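Encoded as structure tokens, the structure appears first; notes follow it.
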Protein chains: 4
Amino acid sequence: MAGSSFGNIFRVTTWGESHGAGIGAVVDGCPAGLPLCEADVQQYLNRRKPGQSRFSTPRKEDDQVEILSGLFEGRTTGTPISMIVHNKTQRSGDYSEIASYYRPGHADYTYDCKYGFRDYRGGGRSSGRETIGRVAAGAVAAKMLGELGITLTTYTKAIGPVAARRFDAEEIFRNPLYMPDREAAKQAQDYLNQCMKEMDSGGGVIECVVEHLPAGLGDPVFEKLSANLAKAVCSVGAVKGFEIGDGFAAAGARGSENNDPFRTDGNGRICKASNHAGGVLGGISDGSPLVFRTAVKPTPSIFSPQQTVNTSGGDITCRIKGRHDPVIVPRAVVVVESMAALVIADALLGGMTATMNHVKKIWG
Amino acid sequence: MAGSSFGNIFRVTTWGESHGAGIGAVVDGCPAGLPLCEADVQQYLNRRKPGQSRFSTPRKEDDQVEILSGLFEGRTTGTPISMIVHNKTQRSGDYSEIASYYRPGHADYTYDCKYGFRDYRGGGRSSGRETIGRVAAGAVAAKMLGELGITLTTYTKAIGPVAARRFDAEEIFRNPLYMPDREAAKQAQDYLNQCMKEMDSGGGVIECVVEHLPAGLGDPVFEKLSANLAKAVCSVGAVKGFEIGDGFAAAGARGSENNDPFRTDGNGRICKASNHAGGVLGGISDGSPLVFRTAVKPTPSIFSPQQTVNTSGGDITCRIKGRHDPVIVPRAVVVVESMAALVIADALLGGMTATMNHVKKIWG
Amino acid sequence: MAGSSFGNIFRVTTWGESHGAGIGAVVDGCPAGLPLCEADVQQYLNRRKPGQSRFSTPRKEDDQVEILSGLFEGRTTGTPISMIVHNKTQRSGDYSEIASYYRPGHADYTYDCKYGFRDYRGGGRSSGRETIGRVAAGAVAAKMLGELGITLTTYTKAIGPVAARRFDAEEIFRNPLYMPDREAAKQAQDYLNQCMKEMDSGGGVIECVVEHLPAGLGDPVFEKLSANLAKAVCSVGAVKGFEIGDGFAAAGARGSENNDPFRTDGNGRICKASNHAGGVLGGISDGSPLVFRTAVKPTPSIFSPQQTVNTSGGDITCRIKGRHDPVIVPRAVVVVESMAALVIADALLGGMTATMNHVKKIWG
Amino acid sequence: MAGSSFGNIFRVTTWGESHGAGIGAVVDGCPAGLPLCEADVQQYLNRRKPGQSRFSTPRKEDDQVEILSGLFEGRTTGTPISMIVHNKTQRSGDYSEIASYYRPGHADYTYDCKYGFRDYRGGGRSSGRETIGRVAAGAVAAKMLGELGITLTTYTKAIGPVAARRFDAEEIFRNPLYMPDREAAKQAQDYLNQCMKEMDSGGGVIECVVEHLPAGLGDPVFEKLSANLAKAVCSVGAVKGFEIGDGFAAAGARGSENNDPFRTDGNGRICKASNHAGGVLGGISDGSPLVFRTAVKPTPSIFSPQQTVNTSGGDITCRIKGRHDPVIVPRAVVVVESMAALVIADALLGGMTATMNHVKKIWG
């Protein structure tokens with residue numbers, strides 16, 4: 001199946017493996033006339049680059065983006081924007097060991113089941129490098145949203161058992177974990193240091209807040225804004241859960257607690273007095289900030305010995321070598337933000353055709 | 001945007017409002033030769049019918065399905081299967097009150113924002129009756145899965161703060177809440193009685209387990225099996241969260257705990273010694289049972305007075321009248337199962353084209 | 001495969017066979033607020049109804065449409081518009097003969113090859129009645145286009161060897177063949193009478209002209225307006241060819257003849273001095289009338305004896321019984337117009353997202 | 001709108017302009033395990049390269065393809081195959097003249113209407129170089145078809161008024177026009193020489209024959225094999241018409257002439273005694289060779305003076321400079337073949353899910 005495209009109107013197609021020539025994304029359906037340059041995209045890619053702290057892989061990856069098409073004189077032309085990030089640090093090493101068994105928590109086994117064989121050099125499309133395409137495309141979407149005043153703020157809500165207890169927007173970029181709480185960030189680092197010492201890894205929770213979104217985005221049935229966010233986020237490797245607004249906590253609440261009362265603000269505009277819903281009602285944006293969280297599992301590559309099976313069907317104990325992130329949550333923050341930007345860009349363009357009034361504004 | 005279709009190869013399109021002629025679904029892409037009759041679909045629809053206990057609306061809805069096309073001599077023909085459930089108990093009553101304000105927790109306000117006006121008689125497509133189309137289609141998908149030995153078991157995992165602590169498959173259909181734990185079901189009923197007494201409502205958690213699924217279903221990037229399940233389930237009204245396997249708990253675990261070791265079973269087949277992953281690795285089914293949960297918010301229609309805004313922009317206190325479910329979780333169980341069946345049917349058909357070996361098996 | 005939907009944003013899904021409960025269409029993505037009633041659709045359906053002359057089957061088909069959803073107080077709500085036309089005159093006769101062999105020129109054989117069996121009672125989805133769904137949906141699209149001043153004029157350009165030599169718009173609805181040339185219509189009727197006398201059938205050419213279309217519709221590559229028209233029209237049963245503007249004649253022309261010079265009109269607006277292109281340049285509408293033609297083969301059901309093969313693999317001579325159109329061209333005129341309306345409606349909605357200026361007009 | 005993808009299951013996304021970094025295609029959904037190398041693709045690209053005769057532009061374009069992803073050890077991995085052809089001979093010349101007016105027969109004007117501005121350096125996506133992406137993808141599709149024994153033969157049927165009168169397969173690659181008739185090829189060259197002498201250009205007709213296709217491909221309604229071929233071919237720049245089998249001639253024939261009798265061959269297999277239908281019945285392949293033709297307009301860039309309008313709205317006379325093909329038909333032959341291969345590959349994969357028997361063959 002052709003499963004490498006995302007979005008209907010603002011659509012991205014990604015390609016590339018960790019051990020090929022590079023990773024790329026083609027953004028199709030971006031409106032013409034959007035100011036865009038490589039720096040816009042690079043800024044996003046830099047947030048997922050490894051090697052920024054001891055909690056990410058020491059692999060050096062430059063990850064410089066090149067825009068190959070779709071721009072003219074600094075603006076998008078309305079035609080496909082093709083972007084490439086060349087792979088540079090592939091080691092042409094010996095893969096015979098990794099080829100010989102199935103790493104627990106990885107897609108090695110399921111790839112073999114699906115395709116009959118696999119590119120064992122780096123996980124194929126299940127490599128973390130696959131997210132480069134998402135981030136490059138998300139940067140374009142975010143640029144479009146920015147033109148309309150829509151902003152996305154994404155950060156680490158929790159690392160292992162350590163959750164942020166306060167929100168300081170400026171703190172997010174001050175610690176290597178992208179946590180909005182300085183104290184929690186310190187404790188989280190202690191936790192990760194302990195994990196590393198024990199040749200283990202950790203997971204966490206990422207939260208994203210989208211502000212200044214118009215009310216009325218998303219569709220009432222299958223294409224609910226929340227449903228597309230859920231898919232977008234759960235399509236990122238290592239993600240095991242998604243919740244919007246109060247999420248799983250809402251299941252334990254009562255209607256009288258969970259319902260958000262409508263109120264008028266000083267200017268006669270309708271708003272909600274609380275935001276348990278997380279910015280969607282019936283799957284359609286309600287004008288409040290969109291708030292969702294996602295659960296990221298601990299990195300499956302750990303240095304401790306693990307039980308597994310080799311490709312000849314024998315039970316073995318394996319020890320994974322190489323350079324690995326003890327936690328991928330901080331680097332996944334910008335990936336989640338990118339996926340959110342893609343969903344919202346698509347919903348915005350899709351919402352343009354919702355009423356005859358809109359149609360007449362353009363063609364009347 | 002055309003947002004009423006779901007699935008790529010096995011695709012359903014639904015239509016209908018609570019106050020129109022009926023609700024329908026068109027299933028397109030179902031393979032020819034599947035034995036199917038109205039009773040197969042009716043059996044699923046009966047599980048979502050109201051009026052089965054004091055915890056669902058006393059509205060009488062017969063919800064008899066009629067299959068209008070796509071069958072010949074008891075088998076599917078490969079062409080669209082159109083199904084309709086006629087609406088019967090619409091009251092032609094006075095809607096002027098409900099038309100005049102925005103019910104908290106409902107889609108009234110967002111519909112007005114999106115479409116400029118709304119069918120205020122019953123929530124339009126945001127009505128709970130919209131799920132009839134999903135269930136009718138899901139029944140067809142489940143029938144196809146059944147032919148391949150794949151089974152789905154879905155039940156109420158929690159009602160408000162009361163969670164099932166044990167699993168007894170036979171108990172599921174013995175209590176009105178579809179809980180697999182007799183004791184918990186009793187406590188949950190006490191909780192709901194208390195909610196009703198206080199003119200309030202409750203939510204809960206639904207769990208679904210899919211067994212005997214082949215390994216290798218789902219795609220590595222955007223069309224991960226888990227991502228499509230997330231979208232499917234989060235597209236159901238009132239759903240606020242989705243998690244697969246250990247879900248949000250995985251975020252707090254370590255890699256050494258969360259990784260599932262591979263082992264060979266007695267017959268030399270590869271399996272996992274645990275199932276923290278919930279049946280997917282890299283978004284592709286791994287041969288273990290698929291296990292996911294979803295959070296359902298408390299019914300927004302409560303009898304207590306609520307603060308809201310009327311369509312003239314005035315702050316008011318409203319009291320919702322009529323007949324409403326104090327909890328929708330039990331009736332949503334079969335909706336979640338239906339959505340899962342649709343996702344898996346689509347992934348199965350999509351997976352048929354994954355390798356040249358498959359292609360040659362059919363065309364060689 | 002799910003092959004019963006057409007269009008991306010303005011999308012129709014059709015269902016139904018000649019011998020089931022009915023034929024239907026679900027229009028999804030129609031903007032909210034469009035005035036629409038059953039009479040709008042019925043008017044289109046009446047143009048394809050049989051029994052209007054001796055050149056169409058004497059079968060009586062009432063073909064009354066019922067709109068089941070998507071309307072509220074005379075306007076579309078933005079949600080799916082489900083329409084049904086009940087089948088009434090299915091004879092529960094003896095189909096054993098037709099089941100026993102493959103009719104030449106029909107899809108009997110290819111259905112068996114594709115699906116392993118077929119509903120032999122009336123051609124299944126290859127029945128001419130399948131077009132009812134197209135026409136019902138096309139009527140909705142045409143209504144939307146009408147609101148924007150866009151008009152479609154469709155007529156019979158030729159019947160067998162008899163081509164219209166002049167264009168009189170009022171004449172189209174005055175003769176049973178929908179030809180815009182009274183004299184040619186007479187000759188065409190003579191030709192068809194002769195065909196019928198000889199137990200034979202005829203084909204023809206249909207032409208469609210779309211006026212007042214804005215320039216700039218359609219996409220530059222795969223989604224060219226001309227490409228989508230070609231698919232739309234060639235997806236109608238019995239169609240064997242499509243051409244736009246000068247079409248096949250352009251292949252024999254020189255560039256200096258075929259190029260349309262641009263000129264300014266009296267009001268300084270840019271227009272073309274000729275229209276060899278038929279209203280598209282690079283697949284995008286150029287503001288001139290869209291003009292295309294389609295070739296319809298002679299009705300395959302003829303009363304003369306024919307050589308064929310039965311389902312047991314024996315060579316036989318068959319004689320098709322029953323009631324059949326000696327020519328389907330006149331009834332196909334509105335089908336072609338409907339498909340054109342669907343393509344243009346989709347292109348109009350798709351074109352709304354082409355530029356940031358448009359985006360800001362709606363969301364800015 | 002996202003209009004740069006083609007196909008549902010075997011899907012290509014193309015990108016790139018004549019004056020950017022390059023042209024590319026991403027093939028998504030190709031089954032794993034197909035042997036493939038750059039030479040397979042290069043062989044196809046070489047057939048569309050300019051500079052092979054005096055009838056194509058003397059521009060030198062190397063057009064070497066590089067495969068960036070989706071291959072491992074000489075076989076496809078089932079993940080996206082990204083291909084790039086770098087642009088080399090872009091002249092960084094003075095485009096101020098071409099920017100200042102609208103070339104007749106080109107998409108300059110319609111691009112401005114659609115996008116508000118255009119990349120005037122080379123036609124943007126309406127450049128002939130856009131077809132490189134189609135051919136690269138088509139080569140992959142053709143390779144897959146070849147593994148199943150399906151062959152495509154494509155050639156020039158006519159140049160201007162000169163049509164091939166005989167078919168000699170070996171002759172096709174012996175003359176620069178890819179005509180299967182040596183005599184006609186000579187006359188066609190005379191015709192083109194005359195066109196060039198008069199600073200004019202010519203068009204023509206391309207025919208494609210697909211053999212050894214299984215019966216049963218294509219869908220009965222909108223996704224007819226013929227409809228998708230029509231779209232595929234009419235999406236190629238300069239194409240003005242499509243016909244299958246007898247095409248427009250069928251419109252003038254009688255049913256008794258146009259129907260193809262079924263017969264059994266010596267081995268008891270069902271075949272057709274003639275092939276007026278061109279290999280499809282009801283839009284589904286019937287086991288006979290697929291035969292279709294397409295009309296290509298004369299090259300719009302001619303050296304004669306032409307009347308047009310400049311971007312300031314003034315009527316002017318223009319003279320197009322530069323290097324242009326006096327006829328594009330010969331180079332378009334492989335483009336048409338590529339589009340046909342893409343359609344058939346998609347139909348083959350789509351047809352795998354048509355019956356429960358197929359489903360059980362893979363998953364049973």
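Letters A, B, ... mark the chains of the structure tokens in the order given; residue numbers begin at 1 per chain; ligand numbers begin at 1, in order shown.
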Dump as an MDAnalysis selection string the residues of chain B that approach chain C to within 9 Å, counting only C-alpha atoms. chainID B and resid 1:5 8:17 19:24 26:33 67:73 77:82 115:119 124:125 349
Enumerate, as a ChimeraX atom specification, the complete set of residues in range 30-189 of chain B that a backbone-based DSSP assignment places in alpha helix (DSSP H). /B:38-48,96-100,108-115,131-147,182-189
Kindly export the residues of the current selection with C-alpha atoms, as a JSON list (two decimals), in the first residue's frame.
[["chain", "number", "residue", "atom", "x", "y", "z"],
["B", 38, "GLU", "CA", -29.07, -8.61, 7.40],
["B", 39, "ALA", "CA", -28.94, -10.66, 10.59],
["B", 40, "ASP", "CA", -25.14, -10.35, 10.62],
["B", 41, "VAL", "CA", -25.49, -6.59, 10.73],
["B", 42, "GLN", "CA", -28.54, -6.52, 12.99],
["B", 43, "GLN", "CA", -26.68, -8.45, 15.66],
["B", 44, "TYR", "CA", -24.12, -5.65, 15.86],
["B", 45, "LEU", "CA", -26.72, -2.89, 15.77],
["B", 46, "ASN", "CA", -28.63, -4.50, 18.62],
["B", 47, "ARG", "CA", -25.62, -4.05, 20.85],
["B", 48, "ARG", "CA", -25.82, -0.27, 20.49],
["B", 96, "SER", "CA", -37.09, 26.68, 19.51],
["B", 97, "GLU", "CA", -35.44, 26.43, 22.91],
["B", 98, "ILE", "CA", -32.58, 24.16, 21.85],
["B", 99, "ALA", "CA", -32.11, 26.32, 18.75],
["B", 100, "SER", "CA", -31.71, 29.40, 20.91],
["B", 108, "ASP", "CA", -23.85, 23.25, 18.66],
["B", 109, "TYR", "CA", -21.46, 26.15, 18.79],
["B", 110, "THR", "CA", -18.76, 24.64, 16.60],
["B", 111, "TYR", "CA", -21.31, 23.66, 13.95],
["B", 112, "ASP", "CA", -22.53, 27.22, 13.78],
["B", 113, "CYS", "CA", -18.91, 28.39, 13.46],
["B", 114, "LYS", "CA", -18.15, 25.89, 10.72],
["B", 115, "TYR", "CA", -21.30, 25.91, 8.60],
["B", 131, "THR", "CA", -22.64, 5.79, 14.96],
["B", 132, "ILE", "CA", -25.27, 3.49, 13.43],
["B", 133, "GLY", "CA", -23.48, 3.81, 10.11],
["B", 134, "ARG", "CA", -20.17, 2.86, 11.71],
["B", 135, "VAL", "CA", -21.65, -0.19, 13.40],
["B", 136, "ALA", "CA", -23.42, -1.42, 10.27],
["B", 137, "ALA", "CA", -20.18, -1.16, 8.32],
["B", 138, "GLY", "CA", -18.15, -2.60, 11.16],
["B", 139, "ALA", "CA", -20.40, -5.65, 11.20],
["B", 140, "VAL", "CA", -19.50, -6.33, 7.56],
["B", 141, "ALA", "CA", -15.80, -5.90, 8.31],
["B", 142, "ALA", "CA", -16.06, -8.17, 11.35],
["B", 143, "LYS", "CA", -17.80, -10.80, 9.23],
["B", 144, "MET", "CA", -14.88, -10.74, 6.81],
["B", 145, "LEU", "CA", -12.37, -10.98, 9.64],
["B", 146, "GLY", "CA", -14.32, -13.87, 11.11],
["B", 147, "GLU", "CA", -13.87, -15.79, 7.86],
["B", 182, "ARG", "CA", -19.19, -8.89, 37.94],
["B", 183, "GLU", "CA", -18.17, -7.12, 41.10],
["B", 184, "ALA", "CA", -16.92, -4.03, 39.33],
["B", 185, "ALA", "CA", -20.08, -3.93, 37.24],
["B", 186, "LYS", "CA", -22.14, -3.75, 40.42],
["B", 187, "GLN", "CA", -20.03, -0.92, 41.83],
["B", 188, "ALA", "CA", -20.19, 0.90, 38.51],
["B", 189, "GLN", "CA", -23.97, 0.69, 38.59]]
Just the residues within 8 Å of Ile159 in chain A, please, counting only C-alpha atoms, with nothing from its chain fewer than 2 positions along; format it as an MDAnalysis selection string. (chainID A and resid 156:157 161:163 188 202:205 329) or (chainID B and resid 251:252)
With 10 Å as the cut-off and only C-alpha atoms counted, what is the closest atom pair between each nearby residue of range 33-127 of chain B and range 256-260 of chain A? Distances in Å to one decimal, ordered by chain and number, as CSV.
residue,atom,partner,partner_atom,distance
B:Arg103,CA,A:Asn259,CA,9.3
B:Pro104,CA,A:Asn259,CA,5.7
B:Gly105,CA,A:Asn259,CA,5.0
B:His106,CA,A:Asn259,CA,8.7
For Ser304 in chain A, find every residue with an atom within 7 Å (counting only C-alpha atoms), except residues of its own chain fewer than 4 positions away, and show them as a list in words.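 Selected residues are Met199, Asp200 and Arg319 of chain A.
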Got a sec: who's within 7 Å of Gly282 in chain D, counting only C-alpha atoms, leaving out chain neighbours fewer than 3 positions off, as number ranges by chain? C: 106-107, 126, 237; D: 220
Selection to disk with N, CA, C and O atoms, as a PDB file, in the first residue's frame:
ATOM      1  N   HIS C 106     -21.134  -6.757 -23.640  1.00  0.00           N
ATOM      2  CA  HIS C 106     -21.525  -6.496 -22.253  1.00  0.00           C
ATOM      3  C   HIS C 106     -20.404  -6.912 -21.299  1.00  0.00           C
ATOM      4  O   HIS C 106     -19.417  -7.514 -21.712  1.00  0.00           O
ATOM      5  N   ALA C 107     -20.616  -6.619 -20.032  1.00  0.00           N
ATOM      6  CA  ALA C 107     -19.592  -6.895 -19.031  1.00  0.00           C
ATOM      7  C   ALA C 107     -19.782  -8.251 -18.356  1.00  0.00           C
ATOM      8  O   ALA C 107     -19.104  -8.534 -17.359  1.00  0.00           O
ATOM      9  N   SER C 126     -22.971  -2.734 -13.978  1.00  0.00           N
ATOM     10  CA  SER C 126     -22.753  -2.312 -15.365  1.00  0.00           C
ATOM     11  C   SER C 126     -24.083  -2.000 -16.048  1.00  0.00           C
ATOM     12  O   SER C 126     -24.113  -1.649 -17.224  1.00  0.00           O
ATOM     13  N   GLY C 237     -20.480   4.042 -18.879  1.00  0.00           N
ATOM     14  CA  GLY C 237     -20.575   2.838 -19.698  1.00  0.00           C
ATOM     15  C   GLY C 237     -20.788   3.200 -21.160  1.00  0.00           C
ATOM     16  O   GLY C 237     -21.469   4.166 -21.475  1.00  0.00           O
TER      17      GLY C 237
ATOM     18  N   PRO D 220     -15.935  -1.538 -12.002  1.00  0.00           N
ATOM     19  CA  PRO D 220     -17.093  -1.343 -12.888  1.00  0.00           C
ATOM     20  C   PRO D 220     -17.585   0.095 -13.026  1.00  0.00           C
ATOM     21  O   PRO D 220     -18.220   0.409 -14.013  1.00  0.00           O
TER      22      PRO D 220
END
Please build the interface table for range 225-308 of chain B against range 320-325 of chain B with a cut-off of 8 Å, listing for each qualifying residue the nearest atom pair and the distance in Å to one decimal; count only C-alpha atoms, order rows by chain and increasing number, and write it as JSON lines.
{"residue": "B:Thr299", "atom": "CA", "partner": "B:Asp325", "partner_atom": "CA", "distance": 7.0}
{"residue": "B:Ser301", "atom": "CA", "partner": "B:Ile320", "partner_atom": "CA", "distance": 6.6}
{"residue": "B:Ile302", "atom": "CA", "partner": "B:Ile320", "partner_atom": "CA", "distance": 6.6}
{"residue": "B:Phe303", "atom": "CA", "partner": "B:Ile320", "partner_atom": "CA", "distance": 5.6}
{"residue": "B:Ser304", "atom": "CA", "partner": "B:Ile320", "partner_atom": "CA", "distance": 7.7}
{"residue": "B:Pro305", "atom": "CA", "partner": "B:Ile320", "partner_atom": "CA", "distance": 7.6}
Grab the residues selected above and save them as an mmCIF file, in the first residue's frame with all heavy atoms.
data_model
loop_
_atom_site.group_PDB
_atom_site.id
_atom_site.type_symbol
_atom_site.label_atom_id
_atom_site.label_comp_id
_atom_site.auth_asym_id
_atom_site.auth_seq_id
_atom_site.Cartn_x
_atom_site.Cartn_y
_atom_site.Cartn_z
ATOM 1 N N THR B 299 -21.360 11.896 29.476
ATOM 2 C CA THR B 299 -22.396 12.452 28.601
ATOM 3 C C THR B 299 -22.556 13.949 28.861
ATOM 4 O O THR B 299 -22.759 14.354 30.012
ATOM 5 C CB THR B 299 -23.752 11.776 28.912
ATOM 6 O OG1 THR B 299 -23.536 10.369 28.987
ATOM 7 C CG2 THR B 299 -24.786 12.093 27.860
ATOM 8 N N SER B 301 -24.997 15.930 27.991
ATOM 9 C CA SER B 301 -26.375 16.307 28.345
ATOM 10 C C SER B 301 -26.676 15.893 29.783
ATOM 11 O O SER B 301 -26.838 14.704 30.058
ATOM 12 C CB SER B 301 -27.367 15.628 27.402
ATOM 13 O OG SER B 301 -27.297 16.197 26.123
ATOM 14 N N ILE B 302 -26.724 16.847 30.671
ATOM 15 C CA ILE B 302 -27.069 16.553 32.065
ATOM 16 C C ILE B 302 -28.275 17.409 32.449
ATOM 17 O O ILE B 302 -28.554 18.434 31.821
ATOM 18 C CB ILE B 302 -25.893 16.842 33.026
ATOM 19 C CG1 ILE B 302 -25.402 18.282 32.853
ATOM 20 C CG2 ILE B 302 -24.770 15.846 32.790
ATOM 21 C CD1 ILE B 302 -24.311 18.677 33.842
ATOM 22 N N PHE B 303 -28.991 16.953 33.474
ATOM 23 C CA PHE B 303 -30.218 17.659 33.834
ATOM 24 C C PHE B 303 -29.973 18.846 34.774
ATOM 25 O O PHE B 303 -30.836 19.691 34.945
ATOM 26 C CB PHE B 303 -31.220 16.671 34.441
ATOM 27 C CG PHE B 303 -31.680 15.649 33.441
ATOM 28 C CD1 PHE B 303 -31.337 14.309 33.562
ATOM 29 C CD2 PHE B 303 -32.449 16.044 32.339
ATOM 30 C CE1 PHE B 303 -31.753 13.391 32.621
ATOM 31 C CE2 PHE B 303 -32.863 15.119 31.401
ATOM 32 C CZ PHE B 303 -32.514 13.791 31.528
ATOM 33 N N SER B 304 -28.779 18.922 35.335
ATOM 34 C CA SER B 304 -28.450 20.060 36.199
ATOM 35 C C SER B 304 -28.426 21.352 35.384
ATOM 36 O O SER B 304 -28.111 21.326 34.193
ATOM 37 C CB SER B 304 -27.053 19.899 36.817
ATOM 38 O OG SER B 304 -26.865 18.616 37.311
ATOM 39 N N PRO B 305 -28.695 22.472 36.028
ATOM 40 C CA PRO B 305 -28.583 23.757 35.328
ATOM 41 C C PRO B 305 -27.128 24.034 34.970
ATOM 42 O O PRO B 305 -26.213 23.673 35.714
ATOM 43 C CB PRO B 305 -29.105 24.774 36.339
ATOM 44 C CG PRO B 305 -29.062 24.088 37.659
ATOM 45 C CD PRO B 305 -29.175 22.622 37.413
#
Can you pull out the residues contacting Ala232 in chain D? Cut-off 10 Å, using only C-alpha atoms, and skip same-chain residues under 6 positions away; I want them as a list in words. Phe222, Glu223, Lys224, Ala227, Asn228, Ala230 and Lys231 of chain C; Phe6, Gly7, Ser226, Phe242, Val336, Ser338, Met339, Ala340, Ala341, Leu342 and Val343 of chain D
So the first atom is CA of Gly241 in chain D and the second is CA of Phe167 in chain C; what is the distance between them in Å, to one decimal place? 22.6 Å
Output as a ChimeraX atom specification all residues of range 188-228 of chain D that backbone DSSP marks as strand (DSSP E or B). /D:202,204-211
Could you turn the residues from that selection into a file that holds N, CA and C atoms, as a PDB file, in the first residue's frame?
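again_39.pdb written:
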ATOM      1  N   GLY D 202       4.234  20.531 -35.834  1.00  0.00           N
ATOM      2  CA  GLY D 202       3.211  19.526 -36.117  1.00  0.00           C
ATOM      3  C   GLY D 202       2.846  18.712 -34.889  1.00  0.00           C
ATOM      4  N   GLY D 204       0.378  14.856 -33.748  1.00  0.00           N
ATOM      5  CA  GLY D 204       0.278  13.473 -34.179  1.00  0.00           C
ATOM      6  C   GLY D 204      -0.531  12.621 -33.223  1.00  0.00           C
ATOM      7  N   VAL D 205      -0.517  11.331 -33.516  1.00  0.00           N
ATOM      8  CA  VAL D 205      -1.291  10.367 -32.730  1.00  0.00           C
ATOM      9  C   VAL D 205      -0.349   9.262 -32.259  1.00  0.00           C
ATOM     10  N   ILE D 206      -0.511   8.873 -31.010  1.00  0.00           N
ATOM     11  CA  ILE D 206       0.286   7.787 -30.432  1.00  0.00           C
ATOM     12  C   ILE D 206      -0.642   6.623 -30.124  1.00  0.00           C
ATOM     13  N   GLU D 207      -0.175   5.416 -30.394  1.00  0.00           N
ATOM     14  CA  GLU D 207      -0.977   4.228 -30.094  1.00  0.00           C
ATOM     15  C   GLU D 207      -0.207   3.335 -29.132  1.00  0.00           C
ATOM     16  N   CYS D 208      -0.929   2.719 -28.218  1.00  0.00           N
ATOM     17  CA  CYS D 208      -0.306   1.829 -27.243  1.00  0.00           C
ATOM     18  C   CYS D 208      -1.078   0.517 -27.201  1.00  0.00           C
ATOM     19  N   VAL D 209      -0.338  -0.584 -27.194  1.00  0.00           N
ATOM     20  CA  VAL D 209      -0.942  -1.913 -27.134  1.00  0.00           C
ATOM     21  C   VAL D 209      -0.352  -2.646 -25.930  1.00  0.00           C
ATOM     22  N   VAL D 210      -1.236  -3.137 -25.074  1.00  0.00           N
ATOM     23  CA  VAL D 210      -0.789  -3.873 -23.889  1.00  0.00           C
ATOM     24  C   VAL D 210      -1.224  -5.326 -24.046  1.00  0.00           C
ATOM     25  N   GLU D 211      -0.252  -6.229 -23.986  1.00  0.00           N
ATOM     26  CA  GLU D 211      -0.578  -7.636 -24.215  1.00  0.00           C
ATOM     27  C   GLU D 211      -0.340  -8.499 -22.973  1.00  0.00           C
TER      28      GLU D 211
END
